[in-house]
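Visitor: This is upload-v5.cif (mmCIF, N, CA and C atoms).
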```
data_coords
#
loop_
_atom_site.label_atom_id
_atom_site.label_comp_id
_atom_site.auth_asym_id
_atom_site.auth_seq_id
_atom_site.Cartn_x
_atom_site.Cartn_y
_atom_site.Cartn_z
N MET A 1208 -50.54 -40.94 -22.47
CA MET A 1208 -49.84 -41.75 -23.44
C MET A 1208 -48.77 -42.54 -22.72
N SER A 1209 -48.59 -43.74 -23.10
CA SER A 1209 -47.68 -44.63 -22.40
C SER A 1209 -46.21 -44.42 -22.75
N ASN A 1210 -45.90 -43.78 -23.89
CA ASN A 1210 -44.50 -43.63 -24.26
C ASN A 1210 -43.88 -42.34 -23.72
N GLY A 1211 -44.59 -41.57 -22.90
CA GLY A 1211 -44.05 -40.37 -22.29
C GLY A 1211 -44.29 -39.10 -23.10
N ALA A 1212 -44.82 -39.20 -24.32
CA ALA A 1212 -45.09 -38.01 -25.13
C ALA A 1212 -46.31 -37.29 -24.59
N GLN A 1213 -46.28 -35.98 -24.68
CA GLN A 1213 -47.42 -35.19 -24.21
C GLN A 1213 -48.45 -35.04 -25.32
N SER A 1214 -49.69 -34.97 -24.93
CA SER A 1214 -50.77 -34.75 -25.88
C SER A 1214 -50.82 -33.27 -26.27
N VAL A 1215 -50.87 -33.00 -27.55
CA VAL A 1215 -50.92 -31.63 -28.04
C VAL A 1215 -52.30 -31.40 -28.67
N PRO A 1216 -52.99 -30.36 -28.22
CA PRO A 1216 -54.31 -30.10 -28.81
C PRO A 1216 -54.15 -29.67 -30.27
N PRO A 1217 -55.13 -29.99 -31.11
CA PRO A 1217 -55.04 -29.62 -32.53
C PRO A 1217 -55.09 -28.10 -32.68
N LEU A 1218 -54.41 -27.61 -33.70
CA LEU A 1218 -54.41 -26.19 -34.00
C LEU A 1218 -55.59 -25.87 -34.92
N HIS A 1219 -56.22 -24.74 -34.70
CA HIS A 1219 -57.34 -24.30 -35.53
C HIS A 1219 -57.08 -22.86 -35.95
N GLN A 1220 -57.44 -22.53 -37.17
CA GLN A 1220 -57.33 -21.15 -37.64
C GLN A 1220 -58.49 -20.89 -38.58
N ARG A 1221 -59.22 -19.83 -38.29
CA ARG A 1221 -60.30 -19.42 -39.19
C ARG A 1221 -59.75 -18.37 -40.13
N GLN A 1222 -60.05 -18.53 -41.41
CA GLN A 1222 -59.54 -17.60 -42.40
C GLN A 1222 -60.54 -17.47 -43.53
N VAL A 1223 -60.79 -16.25 -43.93
CA VAL A 1223 -61.67 -15.99 -45.07
C VAL A 1223 -60.77 -15.84 -46.30
N MET A 1224 -61.05 -16.63 -47.31
CA MET A 1224 -60.26 -16.54 -48.54
C MET A 1224 -61.13 -15.95 -49.63
N GLU A 1225 -60.57 -15.05 -50.40
CA GLU A 1225 -61.29 -14.45 -51.50
C GLU A 1225 -60.50 -14.64 -52.78
N PHE A 1226 -61.21 -14.77 -53.86
CA PHE A 1226 -60.59 -14.94 -55.16
C PHE A 1226 -61.19 -13.92 -56.13
N PRO A 1227 -60.80 -12.64 -55.97
CA PRO A 1227 -61.38 -11.63 -56.85
C PRO A 1227 -60.92 -11.84 -58.29
N TYR A 1228 -61.83 -11.63 -59.21
CA TYR A 1228 -61.49 -11.74 -60.62
C TYR A 1228 -62.43 -10.85 -61.41
N LYS A 1229 -62.03 -10.55 -62.60
CA LYS A 1229 -62.87 -9.78 -63.50
C LYS A 1229 -63.19 -10.66 -64.70
N HIS A 1230 -64.40 -10.54 -65.17
CA HIS A 1230 -64.83 -11.31 -66.34
C HIS A 1230 -64.95 -10.36 -67.51
N SER A 1231 -64.35 -10.70 -68.60
CA SER A 1231 -64.44 -9.87 -69.80
C SER A 1231 -65.56 -10.39 -70.70
N THR A 1232 -66.40 -9.48 -71.14
CA THR A 1232 -67.49 -9.87 -72.03
C THR A 1232 -67.03 -9.98 -73.47
N GLY A 1233 -65.86 -9.43 -73.78
CA GLY A 1233 -65.39 -9.43 -75.16
C GLY A 1233 -65.92 -8.21 -75.89
N PRO A 1234 -65.40 -7.95 -77.08
CA PRO A 1234 -65.76 -6.71 -77.78
C PRO A 1234 -67.21 -6.66 -78.26
N VAL A 1235 -67.76 -7.78 -78.68
CA VAL A 1235 -69.12 -7.76 -79.26
C VAL A 1235 -70.18 -7.64 -78.17
N VAL A 1236 -70.17 -8.55 -77.21
CA VAL A 1236 -71.16 -8.50 -76.13
C VAL A 1236 -70.94 -7.24 -75.28
N GLY A 1237 -69.67 -6.85 -75.10
CA GLY A 1237 -69.37 -5.63 -74.35
C GLY A 1237 -69.99 -4.40 -74.98
N ARG A 1238 -69.89 -4.30 -76.29
CA ARG A 1238 -70.49 -3.15 -76.98
C ARG A 1238 -72.01 -3.18 -76.85
N PHE A 1239 -72.61 -4.36 -76.98
CA PHE A 1239 -74.05 -4.50 -76.84
C PHE A 1239 -74.51 -4.07 -75.43
N LEU A 1240 -73.83 -4.57 -74.39
CA LEU A 1240 -74.21 -4.24 -73.02
C LEU A 1240 -73.97 -2.77 -72.70
N ALA A 1241 -72.88 -2.20 -73.23
CA ALA A 1241 -72.61 -0.78 -73.02
C ALA A 1241 -73.70 0.07 -73.66
N GLY A 1242 -74.20 -0.35 -74.81
CA GLY A 1242 -75.29 0.37 -75.46
C GLY A 1242 -76.53 0.38 -74.60
N LEU A 1243 -76.83 -0.75 -73.97
CA LEU A 1243 -77.99 -0.82 -73.08
C LEU A 1243 -77.80 0.09 -71.87
N LYS A 1244 -76.64 -0.03 -71.24
CA LYS A 1244 -76.40 0.70 -70.00
C LYS A 1244 -76.19 2.19 -70.22
N GLU A 1245 -75.31 2.54 -71.14
CA GLU A 1245 -74.90 3.93 -71.27
C GLU A 1245 -75.78 4.75 -72.22
N GLN A 1246 -76.23 4.13 -73.30
CA GLN A 1246 -77.01 4.86 -74.30
C GLN A 1246 -78.51 4.61 -74.20
N LYS A 1247 -78.87 3.58 -73.44
CA LYS A 1247 -80.29 3.17 -73.35
C LYS A 1247 -80.82 2.82 -74.74
N LYS A 1248 -79.96 2.17 -75.55
CA LYS A 1248 -80.33 1.76 -76.90
C LYS A 1248 -80.03 0.28 -77.07
N ILE A 1249 -80.80 -0.35 -77.96
CA ILE A 1249 -80.59 -1.76 -78.29
C ILE A 1249 -79.88 -1.82 -79.63
N TRP A 1250 -78.71 -2.46 -79.65
CA TRP A 1250 -77.93 -2.59 -80.87
C TRP A 1250 -77.90 -4.03 -81.33
N GLY A 1251 -77.96 -4.20 -82.64
CA GLY A 1251 -77.82 -5.51 -83.25
C GLY A 1251 -76.73 -5.44 -84.30
N GLN A 1252 -76.44 -6.57 -84.89
CA GLN A 1252 -75.40 -6.62 -85.91
C GLN A 1252 -75.92 -7.35 -87.13
N ARG A 1253 -75.72 -6.75 -88.30
CA ARG A 1253 -76.12 -7.41 -89.54
C ARG A 1253 -75.20 -8.61 -89.77
N VAL A 1254 -75.82 -9.74 -90.06
CA VAL A 1254 -75.05 -10.97 -90.28
C VAL A 1254 -75.57 -11.62 -91.57
N ALA A 1255 -74.64 -11.97 -92.44
CA ALA A 1255 -75.00 -12.57 -93.73
C ALA A 1255 -75.90 -13.79 -93.53
N GLY A 1256 -77.02 -13.80 -94.22
CA GLY A 1256 -77.94 -14.93 -94.18
C GLY A 1256 -78.85 -14.96 -92.97
N GLN A 1257 -78.67 -14.02 -92.04
CA GLN A 1257 -79.48 -14.03 -90.82
C GLN A 1257 -80.21 -12.72 -90.57
N GLY A 1258 -79.88 -11.68 -91.29
CA GLY A 1258 -80.48 -10.38 -91.01
C GLY A 1258 -79.78 -9.71 -89.85
N VAL A 1259 -80.54 -9.03 -88.99
CA VAL A 1259 -79.96 -8.36 -87.83
C VAL A 1259 -80.11 -9.29 -86.63
N VAL A 1260 -79.00 -9.56 -85.97
CA VAL A 1260 -78.99 -10.49 -84.83
C VAL A 1260 -78.90 -9.69 -83.53
N VAL A 1261 -79.82 -9.98 -82.60
CA VAL A 1261 -79.86 -9.34 -81.29
C VAL A 1261 -80.08 -10.42 -80.24
N PRO A 1262 -79.26 -10.55 -79.23
CA PRO A 1262 -77.99 -9.86 -79.07
C PRO A 1262 -76.97 -10.39 -80.08
N PRO A 1263 -76.05 -9.54 -80.50
CA PRO A 1263 -75.10 -9.93 -81.52
C PRO A 1263 -74.09 -10.96 -81.01
N THR A 1264 -73.66 -11.83 -81.91
CA THR A 1264 -72.65 -12.83 -81.56
C THR A 1264 -71.30 -12.50 -82.18
N GLY A 1265 -71.30 -11.64 -83.20
CA GLY A 1265 -70.05 -11.28 -83.85
C GLY A 1265 -69.71 -12.18 -85.02
N TYR A 1266 -70.56 -13.16 -85.30
CA TYR A 1266 -70.31 -14.09 -86.41
C TYR A 1266 -71.63 -14.70 -86.85
N SER A 1267 -71.61 -15.32 -88.01
CA SER A 1267 -72.78 -16.00 -88.52
C SER A 1267 -72.83 -17.42 -87.96
N GLU A 1268 -73.94 -17.81 -87.38
CA GLU A 1268 -74.10 -19.18 -86.90
C GLU A 1268 -74.35 -20.14 -88.06
N ILE A 1269 -74.54 -19.59 -89.27
CA ILE A 1269 -74.76 -20.43 -90.44
C ILE A 1269 -73.45 -20.84 -91.08
N ASP A 1270 -72.57 -19.85 -91.34
CA ASP A 1270 -71.33 -20.20 -92.04
C ASP A 1270 -70.06 -19.72 -91.34
N GLY A 1271 -70.18 -19.10 -90.17
CA GLY A 1271 -69.02 -18.66 -89.41
C GLY A 1271 -68.39 -17.36 -89.88
N SER A 1272 -68.99 -16.71 -90.88
CA SER A 1272 -68.43 -15.45 -91.36
C SER A 1272 -68.60 -14.37 -90.29
N ALA A 1273 -67.76 -13.34 -90.39
CA ALA A 1273 -67.77 -12.27 -89.40
C ALA A 1273 -69.06 -11.47 -89.45
N GLY A 1274 -69.46 -10.97 -88.29
CA GLY A 1274 -70.62 -10.08 -88.22
C GLY A 1274 -70.31 -8.78 -88.94
N GLY A 1275 -71.33 -8.08 -89.32
CA GLY A 1275 -71.15 -6.86 -90.10
C GLY A 1275 -71.49 -5.60 -89.34
N GLU A 1276 -72.19 -4.72 -90.03
CA GLU A 1276 -72.54 -3.39 -89.53
C GLU A 1276 -73.38 -3.46 -88.26
N TRP A 1277 -73.10 -2.55 -87.32
CA TRP A 1277 -73.92 -2.40 -86.13
C TRP A 1277 -75.09 -1.49 -86.46
N VAL A 1278 -76.29 -1.87 -86.04
CA VAL A 1278 -77.47 -1.06 -86.29
C VAL A 1278 -78.30 -0.95 -85.01
N GLU A 1279 -78.85 0.24 -84.79
CA GLU A 1279 -79.76 0.42 -83.66
C GLU A 1279 -81.10 -0.20 -84.04
N VAL A 1280 -81.68 -0.95 -83.14
CA VAL A 1280 -82.98 -1.58 -83.42
C VAL A 1280 -84.04 -0.97 -82.51
N GLN A 1281 -85.27 -1.14 -82.91
CA GLN A 1281 -86.39 -0.63 -82.13
C GLN A 1281 -86.56 -1.46 -80.86
N ASP A 1282 -87.33 -0.94 -79.93
CA ASP A 1282 -87.58 -1.68 -78.70
C ASP A 1282 -88.77 -2.64 -78.83
N THR A 1283 -89.25 -2.84 -80.05
CA THR A 1283 -90.27 -3.85 -80.33
C THR A 1283 -89.80 -4.63 -81.55
N GLY A 1284 -90.31 -5.83 -81.71
CA GLY A 1284 -89.89 -6.62 -82.86
C GLY A 1284 -90.55 -7.99 -82.85
N VAL A 1285 -90.05 -8.86 -83.70
CA VAL A 1285 -90.59 -10.21 -83.84
C VAL A 1285 -89.49 -11.21 -83.50
N VAL A 1286 -89.79 -12.13 -82.59
CA VAL A 1286 -88.85 -13.19 -82.25
C VAL A 1286 -88.96 -14.27 -83.32
N THR A 1287 -87.84 -14.57 -83.98
CA THR A 1287 -87.87 -15.56 -85.05
C THR A 1287 -87.25 -16.89 -84.66
N ALA A 1288 -86.54 -16.93 -83.53
CA ALA A 1288 -85.94 -18.18 -83.07
C ALA A 1288 -85.75 -18.10 -81.56
N VAL A 1289 -85.88 -19.23 -80.91
CA VAL A 1289 -85.70 -19.29 -79.46
C VAL A 1289 -85.24 -20.70 -79.09
N ALA A 1290 -84.46 -20.81 -78.03
CA ALA A 1290 -84.03 -22.12 -77.52
C ALA A 1290 -84.50 -22.27 -76.09
N VAL A 1291 -85.07 -23.40 -75.77
CA VAL A 1291 -85.54 -23.69 -74.42
C VAL A 1291 -84.79 -24.91 -73.92
N VAL A 1292 -84.13 -24.78 -72.78
CA VAL A 1292 -83.40 -25.90 -72.18
C VAL A 1292 -84.34 -26.61 -71.23
N VAL A 1293 -84.59 -27.88 -71.48
CA VAL A 1293 -85.52 -28.62 -70.63
C VAL A 1293 -84.83 -29.69 -69.79
N ILE A 1294 -83.58 -29.97 -70.06
CA ILE A 1294 -82.84 -30.97 -69.29
C ILE A 1294 -81.49 -30.37 -68.90
N ALA A 1295 -81.19 -30.41 -67.60
CA ALA A 1295 -79.91 -29.89 -67.13
C ALA A 1295 -78.78 -30.76 -67.66
N LEU A 1296 -77.72 -30.11 -68.12
CA LEU A 1296 -76.56 -30.84 -68.59
C LEU A 1296 -75.75 -31.33 -67.40
N GLY A 1297 -75.06 -32.45 -67.56
CA GLY A 1297 -74.24 -33.00 -66.49
C GLY A 1297 -73.19 -32.01 -66.04
N GLY A 1298 -72.96 -31.94 -64.74
CA GLY A 1298 -71.94 -31.05 -64.21
C GLY A 1298 -72.45 -29.67 -63.86
N PHE A 1299 -73.68 -29.34 -64.23
CA PHE A 1299 -74.24 -28.05 -63.90
C PHE A 1299 -75.19 -28.19 -62.72
N VAL A 1300 -75.22 -27.17 -61.89
CA VAL A 1300 -76.12 -27.17 -60.76
C VAL A 1300 -77.53 -26.94 -61.26
N SER A 1301 -78.44 -27.79 -60.87
CA SER A 1301 -79.83 -27.67 -61.30
C SER A 1301 -80.53 -26.57 -60.50
N PHE A 1302 -81.41 -25.85 -61.14
CA PHE A 1302 -82.19 -24.82 -60.46
C PHE A 1302 -83.60 -24.85 -61.02
N LYS A 1303 -84.50 -24.18 -60.33
CA LYS A 1303 -85.87 -24.14 -60.80
C LYS A 1303 -85.89 -23.55 -62.20
N GLY A 1304 -86.60 -24.17 -63.07
CA GLY A 1304 -86.65 -23.75 -64.46
C GLY A 1304 -86.33 -24.92 -65.37
N TYR A 1305 -85.45 -25.78 -64.88
CA TYR A 1305 -85.19 -27.01 -65.64
C TYR A 1305 -86.31 -28.00 -65.33
N MET A 1306 -86.73 -28.70 -66.35
CA MET A 1306 -87.72 -29.75 -66.13
C MET A 1306 -86.96 -31.06 -65.92
N GLU A 1307 -87.28 -31.74 -64.87
CA GLU A 1307 -86.55 -32.99 -64.59
C GLU A 1307 -87.47 -34.17 -64.61
#
```
Now, as a test, write the supplied structure out as structure tokens.
Guide:
Amino acid sequence: MSNGAQSVPPLHQRQVMEFPYKHSTGPVVGRFLAGLKEQKKIWGQRVAGQGVVVPPTGYSEIDGSAGGEWVEVQDTGVVTAVAVVVIALGGFVSFKGYME
């Protein structure tokens, strides 16, 4: 360097950063998952206008009223509604399964 300053090599530091966190499932989904894991039972919730909802949401998707009584359901049944996502929403990482 022409002004008399010495050249200083850049500093480097390798560091592993972790961001531990816990995710809460909430009381409704938590109870459902605990039933699967601990009791080996499938639980649903009676919801006005919908019958027994599995997995339970804790509310009615029709009118927003609170979910009702918890009931054990059989390990067989009839699927009455299903949602299939065919287009990835913006901002989400695409993975196999989405149709593009």
Visitor: Give me, as a list in words, the residues of chain A that a backbone DSSP run labels strand (DSSP E or B).
Guide: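 Those in chain A that DSSP calls strand (DSSP E or B) are Ile1249, Trp1250, Gly1251, Gln1252, Arg1253, Val1254, Gly1258, Val1259, Val1260, Tyr1266, Ala1273, Trp1277, Val1278, Glu1279, Val1280, Lys1303 and Tyr1305 of chain A.
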Visitor: On this structure, which residues satisfy the PyMOL selection byres ((chain A and resi 1265) around 8), written as a list in words?
Guide: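 On this input, the PyMOL selection byres ((chain A and resi 1265) around 8) captures Pro1234, Val1235, Val1236, Gln1252, Val1254, Val1260, Pro1262, Pro1263, Thr1264, Tyr1266, Ser1267, Glu1268, Gly1271, Ser1272, Ala1273, Gly1274 and Gly1275 of chain A.
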Visitor: Go through A:Val1280, A:Lys1229, A:Gln1220, A:Val1261 and flag the residue nearest Lys1248 of chain A, using only C-alpha atoms for the distances.
Guide: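 Checking each candidate against Lys1248 of chain A, we get A:Val1280 as the closest.
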Visitor: Check the smallest atom-to-atom distance from each of A:Gln1281, A:Ser1231, A:Ser1214, A:Thr1287 to Gly1251 of chain A using only C-alpha atoms, then report the winner.
Guide: A:Gln1281
Visitor: With distances taken over only C-alpha atoms, which of A:Met1224, A:Val1285, A:Leu1240, A:Ile1269 is nearest to Gln1257 of chain A?
Guide: A:Ile1269
Visitor: Could you work out how far atom C of His1230 of chain A lies from atom C of Val1278 of chain A, giving the answer in Å with one decimal?
Guide: 23.9 Å
Visitor: Calculate how many Å separate atom C of Glu1279 of chain A from atom CA of Trp1250 of chain A, rounding to one decimal.
Guide: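 The value is 5.1 Å.
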Visitor: Please, what distance in Å, to one decimal, runs between atom CA of Gly1237 of chain A and atom CA of Leu1296 of chain A?
Guide: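 We find that atom CA of Gly1237 of chain A and atom CA of Leu1296 of chain A lie 26.8 Å from each other.
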Visitor: Add whatever atoms are absent from segment 1235-1248 of chain A to reach N, CA, C and O atoms, and provide the output as an mmCIF file, in the frame of the given file.
Guide:
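Dumped everything to rebuild-v7.cif:
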```cif
data_model
loop_
_atom_site.group_PDB
_atom_site.id
_atom_site.type_symbol
_atom_site.label_atom_id
_atom_site.label_comp_id
_atom_site.auth_asym_id
_atom_site.auth_seq_id
_atom_site.Cartn_x
_atom_site.Cartn_y
_atom_site.Cartn_z
ATOM 1 N N VAL A 1235 -67.760 -7.780 -78.680
ATOM 2 C CA VAL A 1235 -69.120 -7.760 -79.260
ATOM 3 C C VAL A 1235 -70.180 -7.640 -78.170
ATOM 4 O O VAL A 1235 -70.996 -6.720 -78.172
ATOM 5 N N VAL A 1236 -70.170 -8.550 -77.210
ATOM 6 C CA VAL A 1236 -71.160 -8.500 -76.130
ATOM 7 C C VAL A 1236 -70.940 -7.240 -75.280
ATOM 8 O O VAL A 1236 -71.884 -6.606 -74.825
ATOM 9 N N GLY A 1237 -69.670 -6.850 -75.100
ATOM 10 C CA GLY A 1237 -69.370 -5.630 -74.350
ATOM 11 C C GLY A 1237 -69.990 -4.400 -74.980
ATOM 12 O O GLY A 1237 -70.547 -3.547 -74.289
ATOM 13 N N ARG A 1238 -69.890 -4.300 -76.290
ATOM 14 C CA ARG A 1238 -70.490 -3.150 -76.980
ATOM 15 C C ARG A 1238 -72.010 -3.180 -76.850
ATOM 16 O O ARG A 1238 -72.656 -2.151 -76.633
ATOM 17 N N PHE A 1239 -72.610 -4.360 -76.980
ATOM 18 C CA PHE A 1239 -74.050 -4.500 -76.840
ATOM 19 C C PHE A 1239 -74.510 -4.070 -75.430
ATOM 20 O O PHE A 1239 -75.439 -3.269 -75.281
ATOM 21 N N LEU A 1240 -73.830 -4.570 -74.390
ATOM 22 C CA LEU A 1240 -74.210 -4.240 -73.020
ATOM 23 C C LEU A 1240 -73.970 -2.770 -72.700
ATOM 24 O O LEU A 1240 -74.756 -2.145 -71.991
ATOM 25 N N ALA A 1241 -72.880 -2.200 -73.230
ATOM 26 C CA ALA A 1241 -72.610 -0.780 -73.020
ATOM 27 C C ALA A 1241 -73.700 0.070 -73.660
ATOM 28 O O ALA A 1241 -74.101 1.097 -73.100
ATOM 29 N N GLY A 1242 -74.200 -0.350 -74.810
ATOM 30 C CA GLY A 1242 -75.290 0.370 -75.460
ATOM 31 C C GLY A 1242 -76.530 0.380 -74.600
ATOM 32 O O GLY A 1242 -77.218 1.402 -74.486
ATOM 33 N N LEU A 1243 -76.830 -0.750 -73.970
ATOM 34 C CA LEU A 1243 -77.990 -0.820 -73.080
ATOM 35 C C LEU A 1243 -77.800 0.090 -71.870
ATOM 36 O O LEU A 1243 -78.682 0.873 -71.517
ATOM 37 N N LYS A 1244 -76.640 -0.030 -71.240
ATOM 38 C CA LYS A 1244 -76.400 0.700 -70.000
ATOM 39 C C LYS A 1244 -76.190 2.190 -70.220
ATOM 40 O O LYS A 1244 -76.802 3.014 -69.531
ATOM 41 N N GLU A 1245 -75.310 2.540 -71.140
ATOM 42 C CA GLU A 1245 -74.900 3.930 -71.270
ATOM 43 C C GLU A 1245 -75.780 4.750 -72.220
ATOM 44 O O GLU A 1245 -76.011 5.928 -71.992
ATOM 45 N N GLN A 1246 -76.230 4.130 -73.300
ATOM 46 C CA GLN A 1246 -77.010 4.860 -74.300
ATOM 47 C C GLN A 1246 -78.510 4.610 -74.200
ATOM 48 O O GLN A 1246 -79.289 5.273 -74.850
ATOM 49 N N LYS A 1247 -78.870 3.580 -73.440
ATOM 50 C CA LYS A 1247 -80.290 3.170 -73.350
ATOM 51 C C LYS A 1247 -80.820 2.820 -74.740
ATOM 52 O O LYS A 1247 -81.945 3.104 -75.082
ATOM 53 N N LYS A 1248 -79.960 2.170 -75.550
ATOM 54 C CA LYS A 1248 -80.330 1.760 -76.900
ATOM 55 C C LYS A 1248 -80.030 0.280 -77.070
ATOM 56 O O LYS A 1248 -79.143 -0.271 -76.438
#
```
